$ cat model-v8.txt   # compact mmCIF, C-alpha atoms and all ligand atoms
# COMPACT_ATOMS: atom_id res chain seq x y z
CA MET A 6 164.50 251.14 186.11
CA VAL A 7 160.68 251.31 185.89
CA GLN A 8 159.59 254.47 184.14
CA ALA A 9 156.36 256.44 183.89
CA LEU A 10 155.28 259.41 181.81
CA VAL A 11 153.31 262.35 183.16
CA ILE A 12 151.80 264.61 180.50
CA GLY A 13 151.48 268.09 182.01
CA GLY A 14 153.47 269.78 184.75
CA GLY A 15 150.64 271.57 186.54
CA THR A 16 149.25 270.83 189.99
CA ALA A 17 148.06 267.27 189.31
CA GLY A 18 151.11 266.38 187.21
CA ILE A 19 153.53 267.58 189.88
CA ALA A 20 151.67 265.67 192.60
CA SER A 21 151.75 262.50 190.48
CA ALA A 22 155.44 262.86 189.64
CA ILE A 23 156.54 263.45 193.24
CA SER A 24 154.42 260.58 194.49
CA LEU A 25 155.85 258.20 191.86
CA ALA A 26 159.41 259.40 192.50
CA GLN A 27 158.96 258.68 196.22
CA ARG A 28 158.32 255.06 195.23
CA GLY A 29 161.51 254.90 193.19
CA ILE A 30 159.70 255.09 189.84
CA PHE A 31 161.55 257.26 187.31
CA VAL A 32 159.23 259.91 185.86
CA THR A 33 159.43 262.11 182.79
CA ILE A 34 157.14 265.14 182.84
CA VAL A 35 156.32 266.43 179.35
CA GLU A 36 155.19 270.04 179.61
CA LYS A 37 154.01 272.29 176.76
CA ASP A 38 155.09 275.49 178.46
CA SER A 39 158.63 276.65 179.24
CA SER A 40 158.09 276.10 182.97
CA ILE A 41 156.27 273.58 185.09
CA GLY A 42 153.70 274.84 187.60
CA GLY A 43 150.81 275.37 185.21
CA ARG A 44 148.18 278.07 185.57
CA VAL A 45 148.69 278.20 189.34
CA SER A 46 152.06 279.87 188.72
CA GLU A 47 150.22 283.07 187.81
CA LEU A 48 147.90 283.10 190.81
CA CYS A 49 148.52 285.12 193.94
CA CYS A 50 148.60 283.96 197.54
CA LYS A 51 145.43 285.34 199.09
CA GLY A 52 146.54 285.03 202.69
CA GLU A 53 147.92 288.52 203.35
CA ILE A 54 147.94 288.10 207.15
CA GLN A 55 147.10 284.46 207.71
CA CYS A 56 146.53 281.44 205.48
CA VAL A 57 143.06 281.46 203.88
CA LYS A 58 143.50 278.05 202.24
CA CYS A 59 143.58 279.33 198.68
CA ASP A 60 146.08 276.46 198.13
CA VAL A 61 148.23 278.37 195.63
CA CYS A 62 151.32 277.33 197.59
CA LEU A 63 150.26 273.68 197.63
CA SER A 64 151.84 272.90 194.29
CA LEU A 65 154.16 275.90 193.88
CA ASP A 66 156.11 274.95 197.02
CA ARG A 67 156.72 271.55 195.46
CA LEU A 68 158.19 272.78 192.19
CA TYR A 69 161.65 272.75 193.73
CA GLU A 70 161.12 269.18 194.93
CA VAL A 71 160.52 268.27 191.29
CA ALA A 72 163.60 270.21 190.18
CA GLN A 73 165.80 268.49 192.76
CA SER A 74 164.50 264.93 192.48
CA LYS A 75 166.88 262.55 190.79
CA TYR A 76 163.86 260.46 189.82
CA ILE A 77 162.13 263.23 187.85
CA ARG A 78 163.14 264.59 184.47
CA VAL A 79 161.28 267.51 182.88
CA PHE A 80 160.94 268.20 179.15
CA THR A 81 159.59 271.73 178.81
CA ASN A 82 158.31 273.20 175.52
CA SER A 83 157.46 269.64 174.58
CA GLU A 84 154.54 267.59 173.34
CA VAL A 85 153.78 263.90 173.03
CA ILE A 86 153.12 263.15 169.36
CA LYS A 87 153.03 259.36 169.26
CA VAL A 88 152.56 256.41 171.61
CA SER A 89 153.07 252.84 170.45
CA GLY A 90 153.73 249.51 172.14
CA LYS A 91 151.59 247.75 174.69
CA PRO A 92 150.46 248.18 178.30
CA GLY A 93 153.47 248.08 180.59
CA SER A 94 155.82 248.78 177.69
CA TYR A 95 155.07 251.94 175.74
CA ARG A 96 157.33 253.73 173.30
CA VAL A 97 156.61 257.47 173.40
CA THR A 98 157.76 260.06 170.87
CA VAL A 99 158.09 263.60 172.19
CA ILE A 100 158.78 266.68 170.12
CA ARG A 101 160.72 269.48 171.80
CA LYS A 102 160.23 272.93 170.33
CA PRO A 103 163.39 274.92 169.54
CA GLN A 104 165.09 275.93 172.80
CA LEU A 105 165.74 279.60 172.03
CA VAL A 106 167.15 279.96 175.55
CA ARG A 107 169.03 276.83 176.56
CA GLU A 108 168.08 275.57 180.02
CA ASP A 109 171.50 274.07 180.58
CA ALA A 110 173.28 277.37 179.87
CA CYS A 111 171.02 280.15 181.20
CA THR A 112 172.05 281.30 184.67
CA ALA A 113 169.10 283.71 185.03
CA CYS A 114 171.52 286.64 185.38
CA GLY A 115 168.97 288.97 183.75
CA LYS A 116 171.47 290.81 181.49
CA CYS A 117 169.39 290.02 178.39
CA GLY A 118 166.25 291.54 179.90
CA SER A 119 168.07 294.75 180.73
CA VAL A 120 168.99 295.43 177.09
CA CYS A 121 165.81 294.24 175.38
CA PRO A 122 164.23 297.25 173.61
CA VAL A 123 160.67 295.98 174.13
CA GLU A 124 158.74 297.78 176.88
CA GLY A 125 158.70 295.48 179.92
CA SER A 126 161.22 293.22 178.07
CA ALA A 127 160.38 290.35 175.74
CA ILE A 128 162.87 288.08 177.50
CA LYS A 129 162.31 287.22 181.15
CA PRO A 130 161.40 284.27 183.38
CA ARG A 131 158.07 282.79 182.26
CA PHE A 132 156.67 283.06 185.81
CA ASN A 133 157.97 284.66 189.00
CA ARG A 134 158.74 281.16 190.24
CA SER A 135 159.62 279.41 186.98
CA VAL A 136 161.08 275.94 187.25
CA PRO A 137 163.51 275.57 185.63
CA MET A 138 164.50 279.19 186.33
CA THR A 139 165.43 279.92 182.73
CA TYR A 140 164.75 283.08 180.80
CA TRP A 141 162.08 282.78 178.12
CA ILE A 142 161.41 284.75 174.96
CA ASP A 143 157.85 285.96 174.61
CA GLU A 144 157.48 285.36 170.89
CA GLU A 145 154.44 287.63 170.66
CA LYS A 146 156.45 290.59 171.95
CA CYS A 147 159.96 289.97 170.62
CA ILE A 148 160.57 292.30 167.67
CA ARG A 149 162.96 289.81 166.07
CA MET A 150 160.12 287.28 165.89
CA LYS A 151 158.12 289.93 164.05
CA GLY A 152 160.82 290.26 161.39
CA GLU A 153 162.89 293.18 162.74
CA SER A 154 166.59 292.80 163.20
CA CYS A 155 167.59 292.54 166.86
CA GLU A 156 170.12 290.37 168.64
CA LYS A 157 170.73 292.51 171.70
CA CYS A 158 169.93 289.71 174.13
CA SER A 159 172.13 287.10 172.47
CA GLU A 160 174.99 289.58 172.10
CA ILE A 161 175.08 290.37 175.81
CA CYS A 162 174.41 286.88 177.16
CA PRO A 163 177.64 285.83 178.95
CA THR A 164 176.97 282.10 178.61
CA GLY A 165 175.84 281.95 174.98
CA ALA A 166 172.49 280.56 176.13
CA ILE A 167 170.42 282.29 173.44
CA ASP A 168 170.31 280.53 170.10
CA PHE A 169 167.93 281.87 167.47
CA LYS A 170 168.96 279.06 165.12
CA ALA A 171 167.89 276.32 167.54
CA LYS A 172 165.87 273.53 165.95
CA ALA A 173 163.11 271.27 167.24
CA SER A 174 164.26 267.85 168.41
CA ARG A 175 162.70 264.47 169.07
CA LYS A 176 163.01 262.41 172.23
CA TYR A 177 162.03 258.80 172.70
CA LEU A 178 160.90 257.30 175.99
CA ASN A 179 160.14 253.77 177.13
CA VAL A 180 157.53 253.85 179.88
CA ALA A 181 155.34 251.34 181.66
CA ALA A 182 152.42 253.68 182.39
CA ILE A 183 151.11 257.13 181.54
CA ILE A 184 149.29 259.81 183.54
CA VAL A 185 147.45 262.49 181.57
CA ALA A 186 147.36 265.72 183.58
CA ASN A 187 147.29 268.38 180.91
CA GLY A 188 145.18 270.87 182.88
CA PHE A 189 142.64 273.25 181.41
CA GLU A 190 142.16 276.36 179.31
CA PRO A 191 140.57 279.45 180.83
CA PHE A 192 137.40 280.59 179.08
CA GLU A 193 138.24 283.09 176.34
CA ALA A 194 136.37 286.13 177.70
CA SER A 195 136.25 287.98 174.37
CA LYS A 196 133.81 285.31 173.12
CA ASP A 197 131.11 286.87 175.29
CA ARG A 198 130.88 290.07 173.28
CA ARG A 199 128.36 291.69 175.62
CA LEU A 200 131.10 292.08 178.21
CA ARG A 201 133.46 294.03 175.92
CA TYR A 202 136.57 292.26 177.16
CA GLY A 203 139.54 293.40 175.07
CA GLN A 204 137.65 296.57 174.08
CA ILE A 205 137.26 298.38 177.40
CA LYS A 206 140.67 298.56 179.06
CA ASP A 207 139.40 298.22 182.62
CA VAL A 208 137.56 294.95 182.05
CA LEU A 209 139.94 292.19 183.12
CA THR A 210 139.64 288.49 183.78
CA SER A 211 140.08 287.00 187.24
CA LEU A 212 143.36 285.42 186.04
CA GLU A 213 144.71 288.79 184.92
CA ILE A 214 143.80 290.36 188.25
CA GLU A 215 145.47 287.51 190.13
CA LYS A 216 148.59 287.96 188.00
CA MET A 217 148.60 291.71 188.67
CA LEU A 218 148.28 291.12 192.42
CA SER A 219 150.93 288.41 192.27
CA ASP A 220 153.43 290.53 190.27
CA SER A 221 152.96 293.95 191.87
CA GLY A 222 150.83 293.40 194.97
CA LYS A 223 148.62 296.24 193.72
CA LEU A 224 145.27 296.53 191.99
CA ILE A 225 145.57 299.18 189.33
CA ALA A 226 143.12 300.26 186.63
CA PRO A 227 145.00 299.80 183.32
CA SER A 228 143.46 302.93 181.75
CA THR A 229 144.64 305.32 184.46
CA GLY A 230 147.43 303.53 186.32
CA VAL A 231 145.62 304.48 189.54
CA ILE A 232 144.60 302.16 192.42
CA CYS A 233 140.98 301.05 191.95
CA LYS A 234 138.39 302.32 194.41
CA LYS A 235 135.29 300.66 192.98
CA ILE A 236 135.26 297.14 191.58
CA GLY A 237 132.54 295.05 189.96
CA ILE A 238 132.88 291.25 189.94
CA ILE A 239 130.82 289.28 187.43
CA GLN A 240 130.43 285.57 188.12
CA CYS A 241 129.81 282.69 185.70
CA VAL A 242 131.58 284.18 182.66
CA GLY A 243 131.88 281.14 180.41
CA SER A 244 130.10 278.86 182.88
CA ARG A 245 126.47 277.71 182.94
CA ASP A 246 125.89 279.58 179.72
CA GLU A 247 124.46 277.60 176.80
CA ARG A 248 125.00 280.56 174.46
CA MET A 249 128.74 280.17 175.02
CA GLY A 250 128.47 276.40 174.58
CA VAL A 251 129.34 275.84 178.25
CA ALA A 252 126.45 274.31 180.16
CA TYR A 253 128.41 273.13 183.19
CA CYS A 254 129.39 274.94 186.39
CA SER A 255 133.13 275.60 186.69
CA LYS A 256 132.82 274.83 190.38
CA VAL A 257 135.72 276.89 191.70
CA CYS A 258 135.08 280.48 190.56
CA CYS A 259 132.73 281.42 193.45
CA LYS A 260 135.30 280.28 196.00
CA TYR A 261 138.26 281.99 194.33
CA SER A 262 136.55 285.26 193.44
CA LEU A 263 135.44 285.66 197.06
CA LYS A 264 139.03 285.08 198.22
CA ILE A 265 140.31 287.64 195.69
CA ALA A 266 137.68 290.15 196.91
CA GLN A 267 138.65 289.50 200.53
CA LEU A 268 142.31 290.09 199.69
CA ILE A 269 141.49 293.34 197.88
CA LYS A 270 139.42 294.54 200.83
CA LEU A 271 142.25 293.67 203.21
CA LYS A 272 144.75 295.63 201.11
CA TYR A 273 142.40 298.52 200.39
CA PRO A 274 139.68 298.69 203.09
CA GLU A 275 138.02 301.69 201.42
CA THR A 276 137.38 299.83 198.15
CA GLU A 277 133.76 299.26 197.16
CA ILE A 278 133.08 295.82 195.71
CA SER A 279 129.88 294.62 193.99
CA PHE A 280 129.31 290.94 193.19
CA PHE A 281 126.98 290.13 190.29
CA PHE A 282 125.84 286.51 190.33
CA MET A 283 122.92 284.19 189.54
CA ASP A 284 123.34 282.01 192.60
CA TRP A 285 126.24 281.32 194.88
CA ARG A 286 127.78 277.88 194.52
CA PRO A 287 130.89 277.80 196.66
CA TYR A 288 132.73 274.55 196.28
CA ASP A 289 134.19 273.13 199.45
CA SER A 290 133.37 276.18 201.58
CA VAL A 291 130.51 277.58 203.59
CA ASP A 292 127.36 278.34 201.58
CA ASN A 293 126.58 281.65 203.22
CA GLU A 294 130.19 282.85 203.45
CA LEU A 295 129.60 285.60 200.89
CA LEU A 296 126.49 286.80 202.69
CA GLU A 297 128.23 286.76 206.06
CA TRP A 298 131.25 288.59 204.69
CA THR A 299 129.02 291.17 203.00
CA ARG A 300 127.23 291.82 206.29
CA LYS A 301 130.49 292.33 208.16
CA ASN A 302 132.18 294.55 205.59
CA GLN A 303 131.11 298.00 204.59
CA GLY A 304 131.27 298.72 200.90
CA VAL A 305 130.54 295.15 199.75
CA LYS A 306 127.32 294.66 197.82
CA ILE A 307 125.73 291.60 196.28
CA VAL A 308 123.56 291.94 193.19
CA ARG A 309 121.49 288.91 192.23
CA SER A 310 121.61 289.36 188.48
CA ARG A 311 123.49 288.17 185.43
CA PRO A 312 124.54 291.46 183.82
CA ALA A 313 123.14 292.07 180.34
CA GLU A 314 126.21 293.92 179.10
CA ILE A 315 129.10 296.23 179.88
CA ILE A 316 129.14 299.58 178.13
CA GLU A 317 131.77 302.29 178.12
CA SER A 318 131.19 305.58 179.91
CA GLU A 319 132.24 308.89 178.36
CA ASN A 320 135.46 308.80 180.36
CA GLY A 321 136.24 305.26 179.16
CA LYS A 322 135.19 303.44 182.34
CA PRO A 323 133.21 300.18 182.36
CA VAL A 324 129.50 300.50 183.18
CA VAL A 325 127.63 297.32 184.12
CA ARG A 326 124.05 297.23 182.85
CA TYR A 327 121.80 294.73 184.61
CA VAL A 328 118.22 293.95 185.50
CA THR A 329 117.32 293.80 189.19
CA LEU A 330 115.60 290.56 190.13
CA ALA A 331 113.28 292.07 192.72
CA GLU A 332 111.91 295.04 190.73
CA ASN A 333 112.74 293.87 187.20
CA LYS A 334 114.32 297.27 186.62
CA ILE A 335 117.27 298.10 184.37
CA GLU A 336 120.16 299.60 186.35
CA GLU A 337 123.60 300.87 185.37
CA GLU A 338 126.65 301.19 187.57
CA GLU A 339 130.10 302.53 186.72
CA PHE A 340 133.28 300.94 188.09
CA ASP A 341 137.02 301.62 188.07
CA LEU A 342 137.56 297.98 187.18
CA VAL A 343 135.36 295.00 186.34
CA MET A 344 136.63 291.49 187.04
CA LEU A 345 135.19 288.68 184.93
CA SER A 346 135.20 285.38 186.84
CA ILE A 347 136.07 283.17 183.90
CA GLY A 348 135.33 279.47 183.85
CA ILE A 349 137.37 276.35 183.22
CA MET A 350 137.46 274.89 179.70
CA PRO A 351 138.90 271.56 178.54
CA PRO A 352 142.60 271.56 177.64
CA SER A 353 143.16 272.54 174.00
CA ASP A 354 144.99 269.28 173.27
CA ALA A 355 142.45 266.94 174.92
CA GLN A 356 141.11 265.68 171.60
CA LYS A 357 144.55 265.19 170.09
CA LEU A 358 145.83 263.32 173.15
CA SER A 359 142.74 261.15 173.34
CA THR A 360 143.42 260.02 169.76
CA ILE A 361 147.11 259.36 170.48
CA LEU A 362 146.35 257.44 173.68
CA GLY A 363 143.08 255.80 172.64
CA ILE A 364 141.06 257.29 175.51
CA GLU A 365 137.74 259.14 175.37
CA VAL A 366 136.64 262.73 175.80
CA SER A 367 133.23 263.74 177.16
CA PRO A 368 130.74 265.81 175.11
CA SER A 369 132.01 268.90 176.96
CA GLY A 370 135.55 268.11 175.81
CA PHE A 371 137.21 266.87 179.00
CA ILE A 372 139.10 263.58 179.24
CA SER A 373 136.35 261.21 180.31
CA SER A 374 137.99 257.85 180.60
CA GLU A 375 141.16 256.28 181.76
CA ASP A 376 142.09 252.71 181.06
CA ALA A 377 143.49 250.91 184.07
CA HIS A 378 144.13 247.79 181.97
CA LYS A 379 146.28 249.81 179.61
CA GLY A 380 148.09 251.65 182.40
CA ILE A 381 146.79 255.02 181.19
CA PHE A 382 145.34 257.27 183.89
CA ALA A 383 144.04 260.84 184.13
CA ALA A 384 144.11 263.44 186.89
CA GLY A 385 143.31 267.08 187.57
CA CYS A 386 141.33 269.60 185.55
CA CYS A 387 141.74 267.73 182.26
CA THR A 388 138.91 265.50 183.52
CA GLY A 389 136.68 268.41 184.59
CA PRO A 390 136.73 271.59 186.70
CA LYS A 391 138.27 271.24 190.14
CA ASP A 392 140.19 273.32 192.64
CA ILE A 393 143.89 273.13 193.46
CA GLU A 394 143.56 270.79 196.41
CA GLU A 395 141.33 268.34 194.55
CA SER A 396 143.68 268.39 191.55
CA PHE A 397 146.63 267.70 193.83
CA MET A 398 144.85 264.80 195.54
CA GLU A 399 143.82 263.36 192.17
CA GLY A 400 147.45 263.51 191.07
CA ILE A 401 148.49 261.43 194.08
CA ALA A 402 145.60 259.01 193.52
CA ALA A 403 146.65 258.53 189.88
CA ALA A 404 150.20 257.80 191.03
CA ASN A 405 148.80 255.16 193.39
CA ARG A 406 147.01 253.53 190.47
CA VAL A 407 150.18 253.62 188.36
CA ALA A 408 152.13 251.98 191.19
CA ALA A 409 149.46 249.27 191.49
CA PHE A 410 149.48 248.77 187.70
CA ILE A 411 153.26 248.53 187.51
CA GLY A 412 153.29 246.13 190.46
CA GLY A 413 150.67 244.01 188.72
CA SER A 414 152.25 244.17 185.28
CA LYS A 415 155.69 242.96 186.40
S1 LIG B 501 171.76 286.87 179.68
FE1 LIG B 501 171.90 284.69 179.13
S2 LIG B 501 172.34 283.65 181.07
FE2 LIG B 501 171.63 285.73 181.59
S3 LIG B 501 169.40 285.47 181.90
FE3 LIG B 501 169.68 286.06 179.75
S4 LIG B 501 169.78 284.10 178.65
FE4 LIG B 501 170.10 283.64 180.80
S1 LIG B 502 165.80 289.62 170.08
FE1 LIG B 502 165.64 291.75 170.79
S2 LIG B 502 163.43 292.04 171.13
FE2 LIG B 502 163.78 289.84 171.05
S3 LIG B 502 164.07 289.22 173.18
FE3 LIG B 502 166.12 289.60 172.31
S4 LIG B 502 166.54 291.75 172.84
FE4 LIG B 502 164.33 291.44 173.12
$ encode --input "model-v8.txt" --output "structure tokens" --more "lines below"
Ligand code: SF4
Ligand code: SF4
Amino acid sequence: MVQALVIGGGTAGIASAISLAQRGIFVTIVEKDSSIGGRVSELCCKGEIQCVKCDVCLSLDRLYEVAQSKYIRVFTNSEVIKVSGKPGSYRVTVIRKPQLVREDACTACGKCGSVCPVEGSAIKPRFNRSVPMTYWIDEEKCIRMKGESCEKCSEICPTGAIDFKAKASRKYLNVAAIIVANGFEPFEASKDRRLRYGQIKDVLTSLEIEKMLSDSGKLIAPSTGVICKKIGIIQCVGSRDERMGVAYCSKVCCKYSLKIAQLIKLKYPETEISFFFMDWRPYDSVDNELLEWTRKNQGVKIVRSRPAEIIESENGKPVVRYVTLAENKIEEEEFDLVMLSIGIMPPSDAQKLSTILGIEVSPSGFISSEDAHKGIFAAGCCTGPKDIEESFMEGIAAANRVAAFIGGSK
């Protein structure tokens, strides 16, 4: 049977795999994380009443298709470490990290989570909609991983799925073609020290706010546990900022932050929201949508300014300090919560994979070339910032190229 490898089980990888499987091509997805779905798995649907085309469901709804397809195999917690051979006939070595919770034995009964002594449990599904739906040990939280003695989860597990002695293993694949779809890294907000992320509790990234809305449906200030009434949104954090080494526009943050704000306003109509931005660059949506929405909604303000810094008020709240463009005046405004619209960075393993596969990365660190003659293709955010729909379409397009390559290489 003709086989292909897809590196990365996010939006583009899933689209590629399903499209190849529909053609009868056997696909192995190699995914670093313990679940496929990628970053989208932590985002929330923004269509409270009707669909607003945030596209979060576009790939998440297809995870089960992947799980059920007899043409798709998934290696989670795995990485490609070597590729040899020639176009149309590659030998791929994959390393699988120790499976502390065995996928083939975990029934997701949840008994382990109920006895874990860590607050919020260190063993749980990786995402709300993890595929495979296997429990996962958060090694940063698990006290056993920090050297304490604890086996509560493995003692109670009725299927013996938890194995702290598990070892890494190697897998070998023979594939005709490869699609690289290893996604992106979110900008590390603590790098921009002016914004005090990680120091002021109520400064969160857009991804954290999406996760909070996705998990609980509520928007709560971490410092007080109370629903937020006043929110500041700062655009272009880790985008278009030479000081941070990121000169490019992340393309999607304007669109998504507006959709998050609209969802918040729908849930909590009394909330005041202020947008701080240099200029509005919505990708694939109406240019003046923010302005129009601001006009129609009380309590929404736009501030044309890149904030200078966030300071902490006496009561521990974030205060945004900025210069007004019109009067060139320094202003300060206190919020219950500040959301940092963080940008899209290249995947952390782009350089390593480019060496293994013999493909190039751009000066900004994204995969910049694919080699159709070699049968190695790339799709999704690993080639540069893009939204969910574009990533999905690129995944399908890459599958088309693989099918053409395999047809031609027979
Ligand atoms: S107790 Fe065992 S089977 Fe149940 S969720 Fe935990 S690991 Fe899985
Ligand atoms: S070993 Fe203990 S702390 Fe770690 S996941 Fe299991 S129950 Fe939780």
$ residues_near_ligand --input "model-v8.txt" --ligand "ligand LIG 501 (chain B)" --cutoff "12 Å" --atoms "all atoms listed in the file" --output "VMD selection string"
chain A and resid 104 to 121 126 to 131 137 to 142 156 to 169
$ write_last_selection --input "model-v8.txt" --atoms "C-alpha atoms" --output "compact mmCIF listing (two decimals), keeping the file's coordinate frame"
# COMPACT_ATOMS: atom_id res chain seq x y z
CA GLN A 104 165.09 275.93 172.80
CA LEU A 105 165.74 279.60 172.03
CA VAL A 106 167.15 279.96 175.55
CA ARG A 107 169.03 276.83 176.56
CA GLU A 108 168.08 275.57 180.02
CA ASP A 109 171.50 274.07 180.58
CA ALA A 110 173.28 277.37 179.87
CA CYS A 111 171.02 280.15 181.20
CA THR A 112 172.05 281.30 184.67
CA ALA A 113 169.10 283.71 185.03
CA CYS A 114 171.52 286.64 185.38
CA GLY A 115 168.97 288.97 183.75
CA LYS A 116 171.47 290.81 181.49
CA CYS A 117 169.39 290.02 178.39
CA GLY A 118 166.25 291.54 179.90
CA SER A 119 168.07 294.75 180.73
CA VAL A 120 168.99 295.43 177.09
CA CYS A 121 165.81 294.24 175.38
CA SER A 126 161.22 293.22 178.07
CA ALA A 127 160.38 290.35 175.74
CA ILE A 128 162.87 288.08 177.50
CA LYS A 129 162.31 287.22 181.15
CA PRO A 130 161.40 284.27 183.38
CA ARG A 131 158.07 282.79 182.26
CA PRO A 137 163.51 275.57 185.63
CA MET A 138 164.50 279.19 186.33
CA THR A 139 165.43 279.92 182.73
CA TYR A 140 164.75 283.08 180.80
CA TRP A 141 162.08 282.78 178.12
CA ILE A 142 161.41 284.75 174.96
CA GLU A 156 170.12 290.37 168.64
CA LYS A 157 170.73 292.51 171.70
CA CYS A 158 169.93 289.71 174.13
CA SER A 159 172.13 287.10 172.47
CA GLU A 160 174.99 289.58 172.10
CA ILE A 161 175.08 290.37 175.81
CA CYS A 162 174.41 286.88 177.16
CA PRO A 163 177.64 285.83 178.95
CA THR A 164 176.97 282.10 178.61
CA GLY A 165 175.84 281.95 174.98
CA ALA A 166 172.49 280.56 176.13
CA ILE A 167 170.42 282.29 173.44
CA ASP A 168 170.31 280.53 170.10
CA PHE A 169 167.93 281.87 167.47
$ axis_aligned_box --input "model-v8.txt" --around "ligand LIG 502 (chain B)" --padding-each-side "3 Å" --output "JSON"
{"center_x": 165.0, "center_y": 290.6, "center_z": 171.6, "size_x": 9.1, "size_y": 8.8, "size_z": 9.1}
$ residues_around --input "model-v8.txt" --residues "Gly321 (chain A)" --least-positions-apart "6" --cutoff "10 Å" --atoms "only C-alpha atoms" --output "PyMOL selection string"
chain A and resi 205-207+228-229+341
$ residues_around --input "model-v8.txt" --residues "Arg199 (chain A)" --least-positions-apart "2" --cutoff "8 Å" --atoms "only C-alpha atoms" --output "compact mmCIF listing (two decimals) with C-alpha atoms, keeping the file's coordinate frame"
# COMPACT_ATOMS: atom_id res chain seq x y z
CA ASP A 197 131.11 286.87 175.29
CA ARG A 201 133.46 294.03 175.92
CA ALA A 313 123.14 292.07 180.34
CA GLU A 314 126.21 293.92 179.10
CA ILE A 315 129.10 296.23 179.88
$ residues_near_point --input "model-v8.txt" --point "(159.4, 251.8, 176.7)" --cutoff "12 Å" --atoms "all atoms listed in the file" --output "CSV table (one decimal) with C-alpha atoms, in the frame of the given file"
chain,number,residue,atom,x,y,z
A,6,MET,CA,164.5,251.1,186.1
A,7,VAL,CA,160.7,251.3,185.9
A,8,GLN,CA,159.6,254.5,184.1
A,9,ALA,CA,156.4,256.4,183.9
A,10,LEU,CA,155.3,259.4,181.8
A,33,THR,CA,159.4,262.1,182.8
A,88,VAL,CA,152.6,256.4,171.6
A,89,SER,CA,153.1,252.8,170.4
A,90,GLY,CA,153.7,249.5,172.1
A,91,LYS,CA,151.6,247.8,174.7
A,92,PRO,CA,150.5,248.2,178.3
A,93,GLY,CA,153.5,248.1,180.6
A,94,SER,CA,155.8,248.8,177.7
A,95,TYR,CA,155.1,251.9,175.7
A,96,ARG,CA,157.3,253.7,173.3
A,97,VAL,CA,156.6,257.5,173.4
A,98,THR,CA,157.8,260.1,170.9
A,177,TYR,CA,162.0,258.8,172.7
A,178,LEU,CA,160.9,257.3,176.0
A,179,ASN,CA,160.1,253.8,177.1
A,180,VAL,CA,157.5,253.8,179.9
A,181,ALA,CA,155.3,251.3,181.7
A,182,ALA,CA,152.4,253.7,182.4
A,183,ILE,CA,151.1,257.1,181.5
$ atom_distance --input "model-v8.txt" --atom1 "CA of Arg311 (chain A)" --atom2 "CA of Cys233 (chain A)"
22.7 Å
$ closest_residue --input "model-v8.txt" --among "A:Val11, A:Val343, A:Ile239, A:Met350" --to "Gly389 (chain A)" --atoms "all atoms listed in the file"
A:Met350
$ closest_residue --input "model-v8.txt" --among "A:Arg406, A:Gly43, A:Ser83, A:Gly152" --to "ligand LIG 502 (chain B)" --atoms "only C-alpha atoms and all ligand atoms"
A:Gly152
$ residues_around --input "model-v8.txt" --residues "region 256-261 of chain A" --least-positions-apart "2" --cutoff "7 Å" --atoms "all atoms listed in the file" --output "JSON list (two decimals) with C-alpha atoms, in the coordinates of the input"
[["chain", "number", "residue", "atom", "x", "y", "z"],
["A", 254, "CYS", "CA", 129.39, 274.94, 186.39],
["A", 263, "LEU", "CA", 135.44, 285.66, 197.06],
["A", 264, "LYS", "CA", 139.03, 285.08, 198.22],
["A", 265, "ILE", "CA", 140.31, 287.64, 195.69],
["A", 285, "TRP", "CA", 126.24, 281.32, 194.88],
["A", 286, "ARG", "CA", 127.78, 277.88, 194.52],
["A", 287, "PRO", "CA", 130.89, 277.80, 196.66],
["A", 288, "TYR", "CA", 132.73, 274.55, 196.28],
["A", 346, "SER", "CA", 135.20, 285.38, 186.84],
["A", 348, "GLY", "CA", 135.33, 279.47, 183.85],
["A", 390, "PRO", "CA", 136.73, 271.59, 186.70],
["A", 391, "LYS", "CA", 138.27, 271.24, 190.14],
["A", 392, "ASP", "CA", 140.19, 273.32, 192.64]]
$ closest_residue --input "model-v8.txt" --among "A:Leu362, A:Lys235, A:Glu375, A:Arg309" --to "Phe340 (chain A)" --atoms "only C-alpha atoms"
A:Lys235
$ closest_residue --input "model-v8.txt" --among "A:Val328, A:Cys59, A:Pro227, A:Gly370" --to "Ser262 (chain A)" --atoms "only C-alpha atoms"
A:Cys59
$ closest_residue --input "model-v8.txt" --among "A:Ser369, A:Ser39, A:Ser195, A:Thr299" --to "Val251 (chain A)" --atoms "all atoms listed in the file"
A:Ser369
